[in-house]
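File shown: data-v5.csv. Contents: CSV, C-alpha atoms.
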chain,number,residue,atom,x,y,z
A,1,MET,CA,0.0,0.0,0.0
A,2,ASN,CA,1.3,3.4,-0.9
A,3,ARG,CA,1.6,5.6,2.1
A,4,PHE,CA,1.1,8.8,0.1
A,5,GLN,CA,-2.2,7.9,-1.5
A,6,ASP,CA,-4.3,9.3,1.3
A,7,HIS,CA,-2.5,12.6,1.6
A,8,PRO,CA,-4.4,15.4,-0.1
A,9,VAL,CA,-1.4,16.8,-1.8
A,10,PHE,CA,-0.5,13.6,-3.5
A,11,ALA,CA,-3.9,12.2,-4.3
A,12,SER,CA,-7.1,13.5,-6.0
A,13,GLU,CA,-10.5,12.2,-5.0
A,14,ASP,CA,-10.4,9.7,-7.9
A,15,SER,CA,-6.9,8.4,-7.1
A,16,ARG,CA,-7.2,7.9,-3.3
A,17,ASN,CA,-8.0,4.3,-3.8
A,18,ASN,CA,-5.4,3.8,-6.6
A,19,PRO,CA,-1.7,3.6,-6.2
A,20,LEU,CA,0.5,6.2,-7.9
A,21,SER,CA,1.5,5.6,-11.5
A,22,ALA,CA,5.1,5.1,-12.4
A,23,THR,CA,5.1,8.7,-13.8
A,24,GLU,CA,3.7,10.1,-10.6
A,25,LEU,CA,6.2,8.2,-8.5
A,26,GLY,CA,9.0,9.5,-10.7
A,27,GLU,CA,7.7,13.1,-10.3
A,28,LEU,CA,7.4,12.6,-6.5
A,29,ARG,CA,10.9,11.3,-6.3
A,30,ASN,CA,12.2,14.3,-8.2
A,31,LEU,CA,10.2,16.6,-5.9
A,32,LEU,CA,11.7,14.9,-2.9
A,33,GLU,CA,15.2,15.1,-4.3
A,34,ARG,CA,14.8,18.8,-4.9
A,35,GLU,CA,13.5,19.3,-1.4
A,36,LYS,CA,16.5,17.4,0.0
A,37,ARG,CA,18.9,19.6,-2.0
A,38,ARG,CA,17.0,22.7,-0.8
A,39,GLN,CA,17.4,21.5,2.8
A,40,ARG,CA,21.1,20.7,2.2
A,41,LEU,CA,21.5,24.3,1.0
A,42,MET,CA,19.7,25.6,4.1
A,43,ASP,CA,21.7,23.2,6.3
A,44,VAL,CA,24.9,24.8,5.1
A,45,GLY,CA,23.6,27.5,7.3
A,46,GLU,CA,25.5,30.7,8.1
A,47,LEU,CA,28.7,31.2,6.1
A,48,SER,CA,30.8,32.2,9.0
A,49,ASP,CA,32.3,30.1,11.8
A,50,ALA,CA,31.3,31.9,15.0
A,51,SER,CA,34.1,30.4,16.9
A,52,ILE,CA,36.8,32.0,14.8
A,53,GLY,CA,34.8,34.8,13.1
A,54,GLN,CA,35.8,33.7,9.6
A,55,ILE,CA,33.9,33.0,6.4
A,56,ASP,CA,33.6,29.4,5.5
A,57,TYR,CA,34.4,29.7,1.8
A,58,ALA,CA,33.9,26.0,1.2
A,59,LYS,CA,30.2,26.3,2.4
A,60,LEU,CA,29.7,29.3,0.1
A,61,ALA,CA,31.2,27.4,-2.8
A,62,GLU,CA,29.0,24.4,-2.0
A,63,ARG,CA,25.9,26.7,-2.1
A,64,ILE,CA,27.0,27.9,-5.5
A,65,TYR,CA,27.7,24.4,-6.8
A,66,TRP,CA,24.3,22.9,-5.7
A,67,SER,CA,22.4,26.0,-7.0
A,68,ARG,CA,24.0,25.2,-10.4
A,69,ARG,CA,22.8,21.6,-10.2
A,70,ASP,CA,19.3,22.7,-9.2
A,71,ARG,CA,19.3,25.2,-12.1
A,72,GLU,CA,20.0,22.3,-14.5
A,73,LYS,CA,16.9,20.6,-13.3
A,74,VAL,CA,14.7,23.6,-14.0
A,75,PHE,CA,16.1,24.6,-17.3
A,76,ASN,CA,17.5,22.4,-20.1
A,77,ASP,CA,20.9,21.4,-18.7
A,78,ASP,CA,22.5,21.5,-22.1
A,79,ILE,CA,22.5,25.3,-22.3
A,80,PHE,CA,24.4,25.9,-19.0
A,81,ALA,CA,27.6,23.8,-19.5
A,82,ASP,CA,30.5,25.4,-17.6
A,83,PRO,CA,32.7,22.4,-16.8
A,84,ALA,CA,35.8,24.4,-15.8
A,85,TRP,CA,33.9,26.3,-13.2
A,86,ASP,CA,32.1,23.2,-11.9
A,87,LEU,CA,35.5,21.4,-11.6
A,88,LEU,CA,37.0,24.4,-9.7
A,89,LEU,CA,34.0,24.6,-7.3
A,90,ASP,CA,34.0,20.9,-6.6
A,91,LEU,CA,37.8,20.7,-6.1
A,92,PHE,CA,37.8,23.8,-3.9
A,93,ILE,CA,35.1,22.3,-1.6
A,94,ARG,CA,36.7,18.9,-1.4
A,95,SER,CA,40.2,20.2,-1.0
A,96,ALA,CA,39.0,22.4,1.9
A,97,ARG,CA,37.7,19.2,3.5
A,98,ASP,CA,40.9,17.4,2.9
A,99,GLU,CA,39.1,14.8,0.8
A,100,GLN,CA,41.0,12.8,-1.8
A,101,VAL,CA,39.4,13.5,-5.2
A,102,SER,CA,39.9,10.9,-7.9
A,103,ILE,CA,39.9,12.0,-11.5
A,104,SER,CA,36.7,10.0,-12.3
A,105,SER,CA,35.0,11.7,-9.3
A,106,ALA,CA,36.0,15.1,-10.5
A,107,CYS,CA,34.8,14.3,-14.0
A,108,HIS,CA,31.4,13.2,-12.6
A,109,ALA,CA,31.1,16.6,-10.7
A,110,ALA,CA,31.6,18.5,-13.9
A,111,SER,CA,28.3,17.1,-15.3
A,112,VAL,CA,29.7,16.7,-18.8
A,113,PRO,CA,31.0,13.8,-20.8
A,114,GLU,CA,34.2,12.4,-19.3
A,115,ALA,CA,36.3,13.3,-22.3
A,116,THR,CA,35.2,16.9,-22.0
A,117,ALA,CA,36.0,17.0,-18.3
A,118,LEU,CA,39.4,15.5,-18.9
A,119,ARG,CA,40.2,18.2,-21.4
A,120,TYR,CA,39.3,20.9,-18.8
A,121,LEU,CA,41.2,19.1,-16.1
A,122,LYS,CA,44.3,19.2,-18.3
A,123,VAL,CA,43.9,23.0,-18.9
A,124,LEU,CA,43.2,23.7,-15.2
A,125,THR,CA,46.3,21.7,-14.3
A,126,GLU,CA,48.4,23.5,-17.0
A,127,ARG,CA,47.3,26.8,-15.6
A,128,GLN,CA,48.3,25.6,-12.1
A,129,TYR,CA,44.9,25.9,-10.5
A,130,LEU,CA,44.9,22.2,-9.8
A,131,GLU,CA,47.6,19.6,-9.3
A,132,ARG,CA,47.7,15.9,-9.9
A,133,ILE,CA,49.1,13.8,-7.0
A,134,SER,CA,50.3,10.3,-7.6
A,135,HIS,CA,49.3,7.7,-5.0
A,136,PRO,CA,52.4,6.8,-3.0
A,137,ASN,CA,51.7,3.0,-3.2
A,138,ASP,CA,49.9,2.8,-6.5
A,139,LYS,CA,51.4,4.8,-9.4
A,140,ARG,CA,48.3,4.0,-11.5
A,141,SER,CA,46.1,6.0,-9.1
A,142,THR,CA,46.1,9.8,-9.2
A,143,THR,CA,44.1,12.3,-7.2
A,144,LEU,CA,43.5,16.0,-7.7
A,145,LYS,CA,43.9,18.9,-5.4
A,146,MET,CA,43.6,22.7,-5.6
A,147,THR,CA,47.0,24.4,-5.8
A,148,SER,CA,47.8,27.2,-3.4
A,149,MET,CA,47.3,29.7,-6.3
A,150,GLY,CA,44.0,28.1,-7.3
A,151,ASN,CA,42.8,28.2,-3.7
A,152,THR,CA,43.8,31.8,-3.3
A,153,LEU,CA,42.0,32.8,-6.5
A,154,MET,CA,38.9,30.9,-5.5
A,155,ILE,CA,38.8,32.7,-2.1
A,156,GLN,CA,39.3,36.0,-3.9
A,157,TRP,CA,36.4,35.3,-6.2
A,158,LEU,CA,34.2,34.0,-3.4
A,159,GLU,CA,34.9,37.1,-1.3
A,160,ASN,CA,34.0,39.4,-4.3
A,161,PHE,CA,30.8,37.4,-4.9
A,162,ARG,CA,29.8,37.6,-1.2
A,163,SER,CA,30.4,41.3,-1.0
A,164,HIS,CA,28.2,42.0,-4.1
A,165,ARG,CA,25.1,40.4,-2.5
Render the structure in this file as structure tokens.
Amino acid sequence: MNRFQDHPVFASEDSRNNPLSATELGELRNLLEREKRRQRLMDVGELSDASIGQIDYAKLAERIYWSRRDREKVFNDDIFADPAWDLLLDLFIRSARDEQVSISSACHAASVPEATALRYLKVLTERQYLERISHPNDKRSTTLKMTSMGNTLMIQWLENFRSHR
């Protein structure tokens, strides 16, 4: 039995005795996913760390990143491709959290085909915004990290963005 079928938001008078169709279930799942993302953005909370009085730039970058993903759901996602920016946002956030970022994970975060993301990773590495780090025990494995320059430039941009709001 579907637990939503009796709820007035999810069921009309005619459908209260019928389970949701596959299309309706899909739409409900999309609605719930959007709400989870909205909550995640709200859970990011204040952008400053009260204990040290500093802006948490990773949280600000995360808000920007997830708002871009939400925008793709509302509009046709093929008109808003900006893989370099998505890569920089994702790597900045994850570097700030000291997370290891594999190349395949970074490619996924760019929301473009892998070959396209790889081309942008190459350019971002050549421009010294990102660096590739070989795994000490497995030379076949490489992770990505923001460089000091890339990190400084992202903070500069985020500070400018924050001050214009």
*Neighbourhood query: residues within 12 Å of (52.8, 17.1, -12.8), file coordinates, counting only C-alpha atoms; return as a PyMOL selection string.*
chain A and resi 122+124-128+130-134+142-145+147
*Within 8 Å of stretch 81-98 of chain A, counting only C-alpha atoms, which residues show up once you throw out same-chain ones fewer than 5 positions away? Write them as a PyMOL selection string, please.*
chain A and resi 58-59+61-62+64-65+106-107+109-112+116-117+120-121+124+144-146+151+154
*Mind giving me the straight-line distance from atom CA of A:Arg71 to atom CA of A:His164 in Å, one decimal?*
20.6 Å
*atom CA of A:Lys73 to atom CA of A:Asp56: how many Å, to one decimal?*
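Atom CA of A:Lys73 sits 26.6 Å away from atom CA of A:Asp56.
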*Could you pull the residues within 10 Å of stretch 159-161 of chain A, counting all atoms listed in the file, minus those fewer than 5 positions along the same chain, as a list in words?*
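In the requested format, the answer is Ile55, Tyr57, Leu60, Leu153 and Met154 of chain A.
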*Hey, can you check how far atom CA of A:Arg119 sits from atom CA of A:Trp66?*
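If I compute the distance from atom CA of A:Arg119 to atom CA of A:Trp66, I get 22.8 Å.
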